[in-house]
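*Asks:* Handing over data_33.cif, mmCIF, C-alpha atoms.
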data_target
loop_
_atom_site.label_atom_id
_atom_site.label_comp_id
_atom_site.auth_asym_id
_atom_site.auth_seq_id
_atom_site.Cartn_x
_atom_site.Cartn_y
_atom_site.Cartn_z
CA MET A 1 -148.81 -143.53 -107.17
CA ALA A 2 -148.10 -146.89 -105.64
CA GLU A 3 -146.02 -145.60 -102.82
CA LYS A 4 -147.65 -143.18 -100.44
CA ILE A 5 -145.42 -140.23 -99.76
CA ASP A 6 -145.69 -138.69 -96.33
CA ASN A 7 -144.73 -135.05 -96.76
CA ARG A 8 -143.86 -134.72 -93.11
CA SER A 9 -141.29 -137.47 -93.06
CA VAL A 10 -139.98 -136.35 -96.45
CA PHE A 11 -139.17 -132.99 -94.88
CA PHE A 12 -138.01 -134.02 -91.42
CA ASN A 13 -136.22 -137.33 -91.99
CA PRO A 14 -133.11 -135.77 -93.54
CA PHE A 15 -132.58 -133.67 -90.39
CA SER A 16 -131.41 -136.60 -88.35
CA LYS A 17 -132.68 -140.10 -89.13
CA ASN A 18 -131.70 -139.97 -92.77
CA ASN A 19 -129.23 -137.09 -92.70
CA PRO A 20 -127.38 -136.84 -96.02
CA VAL A 21 -124.01 -136.20 -94.40
CA VAL A 22 -123.83 -138.21 -91.20
CA VAL A 23 -126.07 -141.11 -92.20
CA GLN A 24 -125.72 -141.37 -95.96
CA VAL A 25 -122.17 -139.95 -95.83
CA LEU A 26 -122.60 -137.77 -98.92
CA GLY A 27 -121.06 -134.37 -99.54
CA ILE A 28 -118.21 -134.90 -97.07
CA CYS A 29 -115.72 -133.06 -99.29
CA SER A 30 -117.32 -129.66 -98.82
CA VAL A 31 -117.74 -130.27 -95.10
CA LEU A 32 -113.97 -130.47 -94.84
CA ALA A 33 -113.36 -127.46 -96.98
CA VAL A 34 -115.76 -124.72 -95.95
CA THR A 35 -116.17 -125.22 -92.21
CA VAL A 36 -113.05 -123.45 -90.93
CA LYS A 37 -115.25 -120.46 -90.16
CA LEU A 38 -118.95 -120.33 -89.38
CA GLU A 39 -119.90 -117.68 -91.93
CA PRO A 40 -118.82 -119.52 -95.10
CA ALA A 41 -120.40 -122.65 -93.65
CA LEU A 42 -123.70 -120.80 -93.29
CA VAL A 43 -123.55 -119.34 -96.79
CA MET A 44 -122.56 -122.68 -98.26
CA GLY A 45 -125.43 -124.35 -96.42
CA MET A 46 -127.92 -121.79 -97.71
CA SER A 47 -126.56 -122.09 -101.25
CA VAL A 48 -126.98 -125.84 -101.17
CA ILE A 49 -130.52 -125.50 -99.79
CA ALA A 50 -131.41 -123.11 -102.63
CA VAL A 51 -129.80 -125.17 -105.38
CA LEU A 52 -131.23 -128.43 -104.06
CA ALA A 53 -134.76 -127.08 -103.64
CA PHE A 54 -134.90 -125.46 -107.09
CA SER A 55 -133.25 -128.32 -108.93
CA ASN A 56 -135.56 -130.82 -107.24
CA VAL A 57 -138.62 -128.81 -108.29
CA ILE A 58 -137.40 -128.24 -111.84
CA ILE A 59 -136.46 -131.87 -112.37
CA SER A 60 -139.73 -132.98 -110.82
CA LEU A 61 -141.70 -130.69 -113.17
CA ILE A 62 -140.01 -132.01 -116.28
CA ARG A 63 -139.53 -135.58 -115.03
CA ASN A 64 -142.05 -137.06 -117.45
CA THR A 65 -140.48 -135.42 -120.49
CA ILE A 66 -136.86 -136.38 -119.82
CA PRO A 67 -135.57 -139.08 -122.15
CA THR A 68 -134.25 -141.80 -119.82
CA ASN A 69 -130.95 -142.29 -121.59
CA ILE A 70 -129.84 -138.69 -121.03
CA ARG A 71 -131.48 -138.08 -117.66
CA ILE A 72 -128.19 -137.68 -115.77
CA ILE A 73 -127.04 -135.10 -118.30
CA VAL A 74 -130.30 -133.19 -117.97
CA GLN A 75 -129.96 -133.23 -114.19
CA LEU A 76 -126.38 -132.02 -114.43
CA VAL A 77 -127.30 -129.17 -116.78
CA VAL A 78 -130.06 -127.99 -114.46
CA VAL A 79 -127.83 -128.19 -111.37
CA ALA A 80 -124.89 -126.55 -113.12
CA GLY A 81 -127.09 -123.71 -114.35
CA LEU A 82 -128.46 -123.08 -110.87
CA VAL A 83 -125.01 -123.23 -109.28
CA VAL A 84 -123.64 -120.66 -111.70
CA ILE A 85 -126.59 -118.38 -110.93
CA VAL A 86 -125.96 -118.73 -107.18
CA ASP A 87 -122.27 -118.01 -107.72
CA GLN A 88 -123.09 -114.90 -109.74
CA LEU A 89 -125.52 -113.69 -107.09
CA LEU A 90 -122.94 -114.16 -104.36
CA GLN A 91 -120.34 -112.27 -106.37
CA ALA A 92 -122.77 -109.41 -106.71
CA TYR A 93 -124.24 -109.31 -103.20
CA ALA A 94 -121.78 -111.09 -100.88
CA TYR A 95 -118.40 -110.53 -102.50
CA ASP A 96 -116.22 -111.29 -99.47
CA VAL A 97 -117.94 -114.57 -98.74
CA SER A 98 -117.85 -115.52 -102.39
CA LYS A 99 -114.09 -114.96 -102.37
CA GLN A 100 -113.72 -117.22 -99.35
CA LEU A 101 -115.86 -119.95 -100.84
CA SER A 102 -114.22 -119.48 -104.24
CA VAL A 103 -114.32 -122.80 -106.05
CA PHE A 104 -116.53 -124.57 -103.54
CA ILE A 105 -119.71 -122.94 -104.79
CA GLY A 106 -118.88 -124.27 -108.24
CA LEU A 107 -118.21 -127.65 -106.70
CA ILE A 108 -121.79 -127.85 -105.42
CA ILE A 109 -122.38 -129.37 -108.86
CA THR A 110 -120.35 -132.39 -107.86
CA ASN A 111 -121.95 -132.66 -104.43
CA CYS A 112 -123.36 -136.17 -104.37
CA ILE A 113 -126.35 -135.05 -102.31
CA LEU A 114 -127.75 -133.18 -105.30
CA MET A 115 -127.49 -135.94 -107.86
CA GLY A 116 -128.58 -138.40 -105.21
CA ARG A 117 -131.79 -136.53 -104.41
CA LEU A 118 -132.59 -135.79 -108.05
CA GLU A 119 -132.12 -139.37 -109.12
CA ALA A 120 -133.70 -140.99 -106.07
CA PHE A 121 -136.54 -138.60 -105.36
CA ALA A 122 -137.32 -135.84 -107.84
CA MET A 123 -137.38 -138.17 -110.85
CA ALA A 124 -140.21 -140.14 -109.25
CA ASN A 125 -142.23 -137.61 -107.29
CA ARG A 126 -144.41 -134.57 -107.81
CA PRO A 127 -143.06 -131.02 -107.37
CA TRP A 128 -144.42 -130.31 -103.89
CA PRO A 129 -142.91 -133.34 -102.13
CA SER A 130 -139.76 -132.76 -104.19
CA LEU A 131 -139.50 -129.21 -102.90
CA LEU A 132 -139.88 -130.45 -99.32
CA ASP A 133 -137.33 -133.17 -99.93
CA GLY A 134 -134.89 -130.65 -101.39
CA ILE A 135 -135.26 -128.18 -98.56
CA GLY A 136 -135.18 -130.95 -95.95
CA ASN A 137 -132.00 -132.48 -97.28
CA GLY A 138 -130.47 -129.05 -97.74
CA ILE A 139 -131.19 -128.20 -94.12
CA GLY A 140 -129.84 -131.58 -93.02
CA TYR A 141 -126.63 -130.80 -94.84
CA ALA A 142 -126.48 -127.22 -93.59
CA LEU A 143 -127.04 -128.36 -89.99
CA VAL A 144 -123.97 -130.55 -90.05
CA LEU A 145 -121.97 -127.80 -91.76
CA VAL A 146 -122.98 -125.26 -89.15
CA ILE A 147 -122.26 -127.57 -86.20
CA VAL A 148 -118.83 -128.41 -87.58
CA GLY A 149 -118.16 -124.77 -88.46
CA PHE A 150 -119.24 -123.67 -84.98
CA PHE A 151 -116.78 -125.94 -83.17
CA ARG A 152 -113.93 -125.38 -85.59
CA GLU A 153 -114.17 -121.60 -85.46
CA LEU A 154 -114.73 -121.52 -81.68
CA LEU A 155 -111.85 -123.85 -80.81
CA GLY A 156 -109.58 -123.00 -83.72
CA SER A 157 -109.83 -119.22 -83.82
CA GLY A 158 -111.66 -118.29 -80.61
CA THR A 159 -114.25 -116.40 -82.65
CA LEU A 160 -117.79 -116.91 -83.95
CA LEU A 161 -118.87 -115.22 -87.18
CA GLY A 162 -115.64 -113.25 -86.88
CA LEU A 163 -116.46 -111.85 -83.41
CA THR A 164 -114.13 -112.74 -80.59
CA VAL A 165 -115.96 -114.85 -78.02
CA VAL A 166 -113.12 -116.33 -76.01
CA PRO A 167 -112.34 -113.62 -73.46
CA GLN A 168 -108.84 -112.18 -73.26
CA SER A 169 -108.53 -113.38 -69.67
CA PHE A 170 -108.56 -116.97 -70.95
CA TYR A 171 -105.56 -116.24 -73.14
CA ASP A 172 -103.84 -114.46 -70.27
CA ALA A 173 -104.38 -117.57 -68.19
CA GLY A 174 -102.53 -119.65 -70.76
CA TYR A 175 -105.35 -120.81 -73.08
CA VAL A 176 -104.31 -121.12 -76.71
CA ASN A 177 -106.40 -121.63 -79.82
CA ASN A 178 -106.11 -125.13 -81.17
CA GLY A 179 -104.40 -124.64 -84.52
CA LEU A 180 -105.25 -128.21 -85.47
CA MET A 181 -108.94 -127.27 -85.60
CA ILE A 182 -108.44 -125.11 -88.68
CA LEU A 183 -106.81 -127.95 -90.61
CA PRO A 184 -109.04 -130.27 -92.68
CA PRO A 185 -108.48 -133.48 -90.66
CA MET A 186 -110.29 -131.98 -87.67
CA ALA A 187 -113.41 -131.53 -89.78
CA LEU A 188 -113.49 -135.29 -90.26
CA ILE A 189 -112.99 -135.85 -86.56
CA VAL A 190 -115.77 -133.40 -85.67
CA VAL A 191 -118.07 -135.11 -88.19
CA ALA A 192 -117.12 -138.43 -86.63
CA CYS A 193 -118.03 -137.06 -83.19
CA ILE A 194 -121.42 -135.94 -84.53
CA ILE A 195 -122.00 -139.40 -85.99
CA TRP A 196 -121.00 -140.97 -82.67
CA VAL A 197 -123.34 -138.78 -80.63
CA GLN A 198 -126.18 -139.27 -83.09
CA ARG A 199 -125.88 -143.05 -83.26
CA SER A 200 -125.56 -143.49 -79.56
CA ARG A 201 -128.86 -141.65 -79.17
CA ASN A 202 -130.62 -143.32 -82.07
CA LYS A 203 -130.68 -147.09 -81.80
CA ASP A 204 -132.15 -147.56 -85.30
CA LEU A 205 -128.95 -146.35 -86.88
CA GLN A 206 -126.63 -148.67 -85.01
CA GLU A 207 -125.09 -151.41 -87.08
CA HIS A 208 -124.69 -154.44 -84.84
CA MET B 1 -150.47 -138.27 -130.98
CA THR B 2 -147.91 -139.85 -128.74
CA ILE B 3 -144.29 -138.91 -128.91
CA ASN B 4 -141.64 -141.57 -128.69
CA LYS B 5 -139.54 -140.22 -125.88
CA GLN B 6 -136.74 -142.68 -126.46
CA SER B 7 -136.17 -141.72 -130.10
CA ASN B 8 -132.92 -140.07 -131.09
CA LEU B 9 -134.69 -137.10 -132.62
CA TYR B 10 -136.61 -136.39 -129.41
CA THR B 11 -133.43 -136.67 -127.36
CA ILE B 12 -131.52 -134.28 -129.58
CA ILE B 13 -134.30 -131.71 -129.69
CA TYR B 14 -134.78 -132.03 -125.95
CA ILE B 15 -131.18 -131.36 -125.08
CA ALA B 16 -130.97 -128.51 -127.61
CA VAL B 17 -134.01 -126.78 -126.12
CA LEU B 18 -132.68 -127.32 -122.62
CA ALA B 19 -129.30 -125.85 -123.56
CA VAL B 20 -130.93 -122.76 -125.06
CA VAL B 21 -133.19 -122.21 -122.05
CA VAL B 22 -130.40 -122.65 -119.49
CA GLY B 23 -128.04 -120.57 -121.62
CA ALA B 24 -130.55 -117.75 -121.82
CA ALA B 25 -131.12 -117.85 -118.06
CA LEU B 26 -127.39 -117.69 -117.38
CA ALA B 27 -126.79 -114.90 -119.86
CA THR B 28 -129.57 -112.83 -118.33
CA THR B 29 -128.20 -113.33 -114.83
CA ALA B 30 -124.64 -112.52 -115.84
CA LEU B 31 -125.65 -109.37 -117.73
CA SER B 32 -127.96 -108.03 -115.07
CA LEU B 33 -125.43 -108.55 -112.27
CA HIS B 34 -122.34 -107.47 -114.17
CA ASP B 35 -122.28 -103.86 -112.99
CA ARG B 36 -122.60 -104.80 -109.36
CA GLN B 37 -119.92 -107.43 -109.62
CA GLN B 38 -117.61 -104.97 -111.33
CA GLN B 39 -118.17 -102.49 -108.50
CA ASN B 40 -117.30 -105.15 -105.96
CA ALA B 41 -114.18 -106.12 -107.84
CA ASP B 42 -113.11 -102.46 -108.12
CA ARG B 43 -113.74 -101.91 -104.45
CA ASP B 44 -111.70 -104.97 -103.59
CA LYS B 45 -108.87 -103.69 -105.75
CA MET B 46 -108.97 -100.36 -103.91
CA ARG B 47 -108.81 -102.20 -100.60
CA GLN B 48 -105.75 -104.11 -101.75
CA ILE B 49 -104.00 -100.97 -102.97
CA LEU B 50 -104.68 -99.26 -99.65
CA ALA B 51 -103.55 -102.36 -97.74
CA ALA B 52 -100.12 -102.10 -99.38
CA ALA B 53 -99.80 -98.60 -97.89
CA ARG B 54 -100.78 -100.10 -94.52
CA ILE B 55 -104.20 -98.47 -94.55
CA THR B 56 -106.89 -100.87 -93.41
CA THR B 57 -110.48 -100.11 -94.31
CA VAL B 58 -113.89 -101.55 -93.67
CA SER B 59 -116.03 -102.35 -96.66
CA ASP B 60 -118.38 -99.36 -96.32
CA SER B 61 -115.68 -96.75 -96.38
CA ILE B 62 -113.31 -98.16 -98.99
CA ILE B 63 -114.26 -95.77 -101.77
CA ALA B 64 -114.20 -92.74 -99.48
CA THR B 65 -110.82 -93.72 -98.05
CA TYR B 66 -109.43 -94.44 -101.50
CA ASP B 67 -110.58 -91.08 -102.82
CA ARG B 68 -109.09 -89.32 -99.80
CA ASP B 69 -105.74 -91.10 -99.54
CA ILE B 70 -104.85 -91.89 -103.14
CA VAL B 71 -103.78 -88.44 -104.28
CA GLU B 72 -102.67 -89.28 -107.80
CA THR B 73 -102.57 -92.17 -110.24
CA TYR B 74 -100.67 -92.34 -113.48
CA ILE B 75 -98.98 -94.70 -115.91
CA VAL B 76 -95.28 -94.69 -116.65
CA ASP B 77 -93.25 -96.54 -119.26
CA ALA B 78 -90.04 -98.49 -118.70
CA GLU B 79 -88.02 -95.29 -119.04
CA GLY B 80 -89.92 -93.64 -116.24
CA ASN B 81 -91.83 -91.20 -118.48
CA ARG B 82 -95.51 -90.67 -117.95
CA VAL B 83 -97.86 -91.95 -120.62
CA GLU B 84 -101.56 -91.42 -121.25
CA GLY B 85 -104.13 -93.70 -119.65
CA ASP B 86 -106.15 -94.66 -116.63
CA ALA B 87 -103.88 -96.40 -114.14
CA PHE B 88 -106.72 -98.08 -112.27
CA ALA B 89 -108.03 -99.73 -115.44
CA VAL B 90 -104.69 -101.21 -116.50
CA ASP B 91 -104.82 -105.00 -116.60
CA VAL B 92 -101.56 -105.89 -114.85
CA ASP B 93 -101.94 -109.55 -115.80
CA ALA B 94 -101.97 -108.69 -119.50
CA GLN B 95 -99.10 -106.22 -119.11
CA THR B 96 -96.79 -108.83 -117.57
CA LYS B 97 -97.15 -110.91 -120.74
CA LEU B 98 -95.60 -108.08 -122.76
CA PRO B 99 -91.87 -107.39 -123.00
CA ALA B 100 -90.77 -104.98 -120.27
CA LEU B 101 -90.13 -102.12 -122.70
CA ARG B 102 -93.71 -102.09 -124.01
CA ARG B 103 -95.54 -102.39 -120.72
CA GLN B 104 -97.81 -99.78 -119.24
CA LEU B 105 -96.80 -99.45 -115.61
CA PRO B 106 -99.44 -98.07 -113.24
CA VAL B 107 -98.42 -96.00 -110.22
CA PHE B 108 -100.76 -95.16 -107.34
CA VAL B 109 -99.55 -92.28 -105.20
CA CYS B 110 -100.89 -92.42 -101.69
CA ARG B 111 -100.62 -90.14 -98.70
CA ALA B 112 -100.06 -92.64 -95.91
CA SER B 113 -100.86 -92.22 -92.25
CA ASP B 114 -97.38 -90.81 -91.58
CA GLY B 115 -98.18 -87.92 -93.94
CA GLU B 116 -95.54 -88.91 -96.51
CA LEU B 117 -96.25 -89.82 -100.12
CA LYS B 118 -95.99 -93.50 -100.93
CA TYR B 119 -95.74 -94.97 -104.42
CA ILE B 120 -97.76 -98.16 -104.80
CA LEU B 121 -96.85 -100.49 -107.65
CA PRO B 122 -98.87 -103.53 -108.70
CA VAL B 123 -97.24 -106.93 -109.24
CA TYR B 124 -98.65 -110.07 -110.84
CA GLY B 125 -97.25 -113.57 -111.25
CA SER B 126 -97.95 -117.21 -110.75
CA GLY B 127 -97.76 -119.44 -107.71
CA LEU B 128 -98.17 -123.18 -107.56
CA TRP B 129 -101.84 -123.56 -108.53
CA GLY B 130 -102.75 -120.27 -110.10
CA PRO B 131 -102.13 -116.55 -110.24
CA ILE B 132 -100.70 -114.57 -107.35
CA TRP B 133 -100.64 -110.80 -107.23
CA GLY B 134 -100.06 -107.94 -104.92
CA TYR B 135 -99.09 -104.33 -104.40
CA VAL B 136 -95.81 -102.94 -103.09
CA ALA B 137 -95.62 -99.46 -101.58
CA PHE B 138 -92.35 -97.54 -101.77
CA ASP B 139 -91.22 -94.57 -99.75
CA ALA B 140 -90.53 -91.32 -101.57
CA ASP B 141 -86.83 -92.28 -101.76
CA GLY B 142 -87.84 -94.85 -104.40
CA SER B 143 -85.95 -97.61 -102.66
CA THR B 144 -87.33 -98.43 -99.24
CA ILE B 145 -90.43 -100.62 -99.10
CA TYR B 146 -93.09 -99.10 -96.90
CA GLY B 147 -95.58 -101.95 -97.11
CA ALA B 148 -96.70 -104.86 -99.24
CA TYR B 149 -99.86 -106.79 -99.89
CA PHE B 150 -100.09 -110.18 -101.52
CA ALA B 151 -103.06 -112.25 -102.58
CA HIS B 152 -103.58 -115.48 -104.44
CA LYS B 153 -106.28 -117.33 -106.31
CA GLY B 154 -105.90 -120.85 -105.01
CA GLU B 155 -102.64 -121.59 -103.21
CA THR B 156 -102.63 -124.39 -100.65
CA PRO B 157 -104.21 -123.23 -97.37
CA GLY B 158 -101.70 -123.25 -94.55
CA LEU B 159 -98.75 -123.45 -96.95
CA GLY B 160 -98.52 -121.26 -100.05
CA ALA B 161 -101.67 -119.38 -99.05
CA GLU B 162 -99.72 -117.90 -96.13
CA ILE B 163 -98.36 -115.24 -98.50
CA GLU B 164 -101.57 -113.29 -97.96
CA LYS B 165 -100.96 -113.11 -94.20
CA PRO B 166 -99.45 -109.95 -92.74
CA ALA B 167 -96.79 -112.15 -91.10
CA PHE B 168 -95.34 -112.64 -94.56
CA SER B 169 -95.98 -109.29 -96.20
CA ASN B 170 -94.72 -107.36 -93.18
CA GLU B 171 -91.31 -108.96 -93.63
CA PHE B 172 -90.86 -106.71 -96.66
CA ILE B 173 -91.16 -103.50 -94.69
CA GLY B 174 -87.90 -101.57 -94.64
CA LYS B 175 -86.19 -103.60 -97.35
CA THR B 176 -84.49 -101.56 -100.06
CA VAL B 177 -84.27 -102.26 -103.77
CA PHE B 178 -81.27 -100.06 -104.62
CA LYS B 179 -77.85 -101.25 -103.55
CA GLN B 180 -75.08 -98.74 -104.40
CA GLY B 181 -77.30 -97.33 -107.09
CA VAL B 182 -78.02 -100.71 -108.68
CA PHE B 183 -81.62 -101.94 -108.81
CA MET B 184 -82.06 -105.30 -107.12
CA PRO B 185 -85.58 -106.51 -106.34
CA VAL B 186 -86.14 -108.13 -102.96
CA ALA B 187 -85.69 -111.90 -103.14
CA VAL B 188 -87.66 -114.56 -101.30
CA VAL B 189 -85.41 -117.41 -100.20
CA LYS B 190 -85.68 -120.51 -98.07
CA ALA B 191 -85.35 -119.62 -94.39
CA GLY B 192 -81.71 -119.69 -93.33
CA GLN B 193 -80.37 -119.26 -96.85
CA LYS B 194 -79.13 -116.18 -98.63
CA PRO B 195 -79.52 -115.08 -102.24
CA SER B 196 -76.46 -115.23 -104.49
CA GLY B 197 -76.19 -111.46 -104.89
CA ASP B 198 -76.25 -108.88 -102.12
CA GLU B 199 -79.90 -107.91 -102.59
CA ASP B 200 -82.24 -107.71 -99.62
CA TYR B 201 -84.25 -110.85 -98.96
CA VAL B 202 -87.05 -112.22 -96.84
CA ASP B 203 -87.65 -115.75 -95.64
CA GLY B 204 -89.95 -117.87 -97.76
CA ILE B 205 -92.73 -119.99 -96.37
CA SER B 206 -91.82 -123.49 -95.30
CA GLY B 207 -93.95 -125.94 -97.22
CA GLY B 208 -94.77 -123.21 -99.71
CA THR B 209 -91.53 -123.27 -101.67
CA ILE B 210 -93.02 -122.96 -105.14
CA THR B 211 -95.34 -120.14 -104.08
CA SER B 212 -92.41 -118.38 -102.37
CA LYS B 213 -90.34 -118.70 -105.52
CA GLY B 214 -93.34 -117.39 -107.44
CA VAL B 215 -93.40 -114.28 -105.24
CA SER B 216 -89.69 -113.80 -105.78
CA ALA B 217 -90.02 -114.15 -109.56
CA MET B 218 -93.10 -111.89 -109.56
CA LEU B 219 -91.24 -109.13 -107.72
CA SER B 220 -88.29 -109.39 -110.04
CA ASP B 221 -90.42 -109.50 -113.18
CA CYS B 222 -92.84 -106.73 -112.25
CA LEU B 223 -90.65 -104.32 -110.31
CA THR B 224 -87.62 -104.34 -112.62
CA PRO B 225 -89.47 -102.37 -115.35
CA TYR B 226 -90.06 -99.68 -112.71
CA ALA B 227 -86.30 -99.33 -112.07
CA ALA B 228 -86.04 -96.11 -114.10
CA PHE B 229 -89.12 -94.64 -112.43
CA LEU B 230 -87.86 -95.49 -108.95
CA LYS B 231 -84.41 -94.12 -109.78
CA ASN B 232 -86.00 -90.82 -110.83
CA LEU B 233 -87.85 -90.76 -107.53
CA SER B 234 -84.71 -91.28 -105.52
CA GLN B 235 -82.88 -88.54 -107.40
CA LYS B 236 -85.77 -86.17 -106.81
CA SER B 237 -85.82 -86.86 -103.10
CA ASN B 238 -82.08 -86.30 -102.65
#
Turn the structure described in the file into structure tokens.

*Replies:*
Amino acid sequence: MAEKIDNRSVFFNPFSKNNPVVVQVLGICSVLAVTVKLEPALVMGMSVIAVLAFSNVIISLIRNTIPTNIRIIVQLVVVAGLVVIVDQLLQAYAYDVSKQLSVFIGLIITNCILMGRLEAFAMANRPWPSLLDGIGNGIGYALVLVIVGFFRELLGSGTLLGLTVVPQSFYDAGYVNNGLMILPPMALIVVACIIWVQRSRNKDLQEH
Amino acid sequence: MTINKQSNLYTIIYIAVLAVVVGAALATTALSLHDRQQQNADRDKMRQILAAARITTVSDSIIATYDRDIVETYIVDAEGNRVEGDAFAVDVDAQTKLPALRRQLPVFVCRASDGELKYILPVYGSGLWGPIWGYVAFDADGSTIYGAYFAHKGETPGLGAEIEKPAFSNEFIGKTVFKQGVFMPVAVVKAGQKPSGDEDYVDGISGGTITSKGVSAMLSDCLTPYAAFLKNLSQKSN
């Protein structure tokens, strides 16, 4: 292979330097939709990690057999199959969460991160780096989801994972949950804050 | 021998094989998980039925609570006579597509926390984006609503989806469906307005007008066939 792949950077870059959400700005739609509470955000993050890792490996394994003119269709079929399996598993083992996530699990298929990684990485690399790339990008995505979910649930509902964390004395003293946090626009604003913090710490990412 | 990977034949065979493999994987998953999913769905249905009778449960104890509190289930027809069948298995969605006279109408009899018998009736209709459904619990007088539970598939969060909140369903408590012996289902109207007749009404959800109207239509469509059954109840209790 002409290009030397460094497994370490393949795995760790998507966490921050090349994060799929806050740097590449992919998969924003689901960040808005599933981050009202922390728990669905976690499950969604794990589902994306699983789908991304498996689809990357599968596509990487069959990359030399795929006819180029239908490669996108092949990628879609693999991703769609995996997503349906994840959805079925959730319905069987985590019914309440699957009800909350409802259509968004199915919409993992349309998450640009998946097609992006398959097309940009798995089609050109061997299974092991592809697995690392899939897991790395999945974690990068899940990290953002969890951070956004954490702040939205804490400030919007005063709970974390459904447990009340804001003490009653705060409410007695006049504190109120910020209802705006549970509406979609605040997800964008929280993502924007993450981008701001990240770029101010990382000079490489700043655009003049 | 080298295969021409760009040939049409290769492409067609490739996609066919892929479809069969993925199809087989999906079919296996669906079949092997079906029983578990069905159990979850049944348990969720039990939770909803109990919620209408204002009994809240945690997921571990749903079946035990259901078995303890639901004392009887049966199916009635539009004349209020009992018919054969398993009330829990009735597909309310399919029944609402039939004319009222031919429907199978499930009744779940529950002993609520106040010790009285409540009669829980399922309802099913459509909101703005998809199906909405729920359960309405009546007191033994066949007229007063003891509790209600509504759920939806995909109404707009914050607007139509508010029908699943207790703030909405609790508005129904205490409403009556018989006015001077005439059956009139509870209407859902825009806040501040009144329905044309003298039936009881609750305020709809602002911003969720079509969903609110859907609830109103659902109650009218699904509860009216029970009129004879509820009338029998009220005569029995007098």

*Asks:* Would you mind reading off the distance between CA of Leu61 (chain A) and CA of Val86 (chain A), one decimal, in Å?

*Replies:* 20.7 Å

*Asks:* If we count only C-alpha atoms, what is near region 172-177 of chain A at a cut-off of 9 Å, once residues fewer than 6 positions away on the same chain are taken out, given as number ranges by chain?

*Replies:* A: 154-158

*Asks:* Evaluating the PyMOL selection byres ((chain A) within 7 of (chain B)) on the displayed file yields which residues, as a ChimeraX atom specification?

*Replies:* /A:67,81,85,88,91-92,95

*Asks:* Just how far from CA of Asn19 (chain A) is CA of Tyr141 (chain A), in Å to one decimal?

*Replies:*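 CA of Tyr141 (chain A) sits 7.1 Å away from CA of Asn19 (chain A).
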
*Asks:* Pick out the residues sitting within 8 Å of Tyr66 (chain B), and hand them over as a PyMOL selection string; count only C-alpha atoms, and ignore anything fewer than 3 positions along from it in its own chain.

*Replies:* chain B and resi 46-47+50+62-63+69-70

*Asks:* Give as a PyMOL selection string the residues that the PyMOL selection byres ((chain A and resi 142) around 12) matches when applied to the coordinates above.

*Replies:* chain A and resi 14-16+19-22+27-28+30-31+34-35+38-50+52+113+134-141+143-150
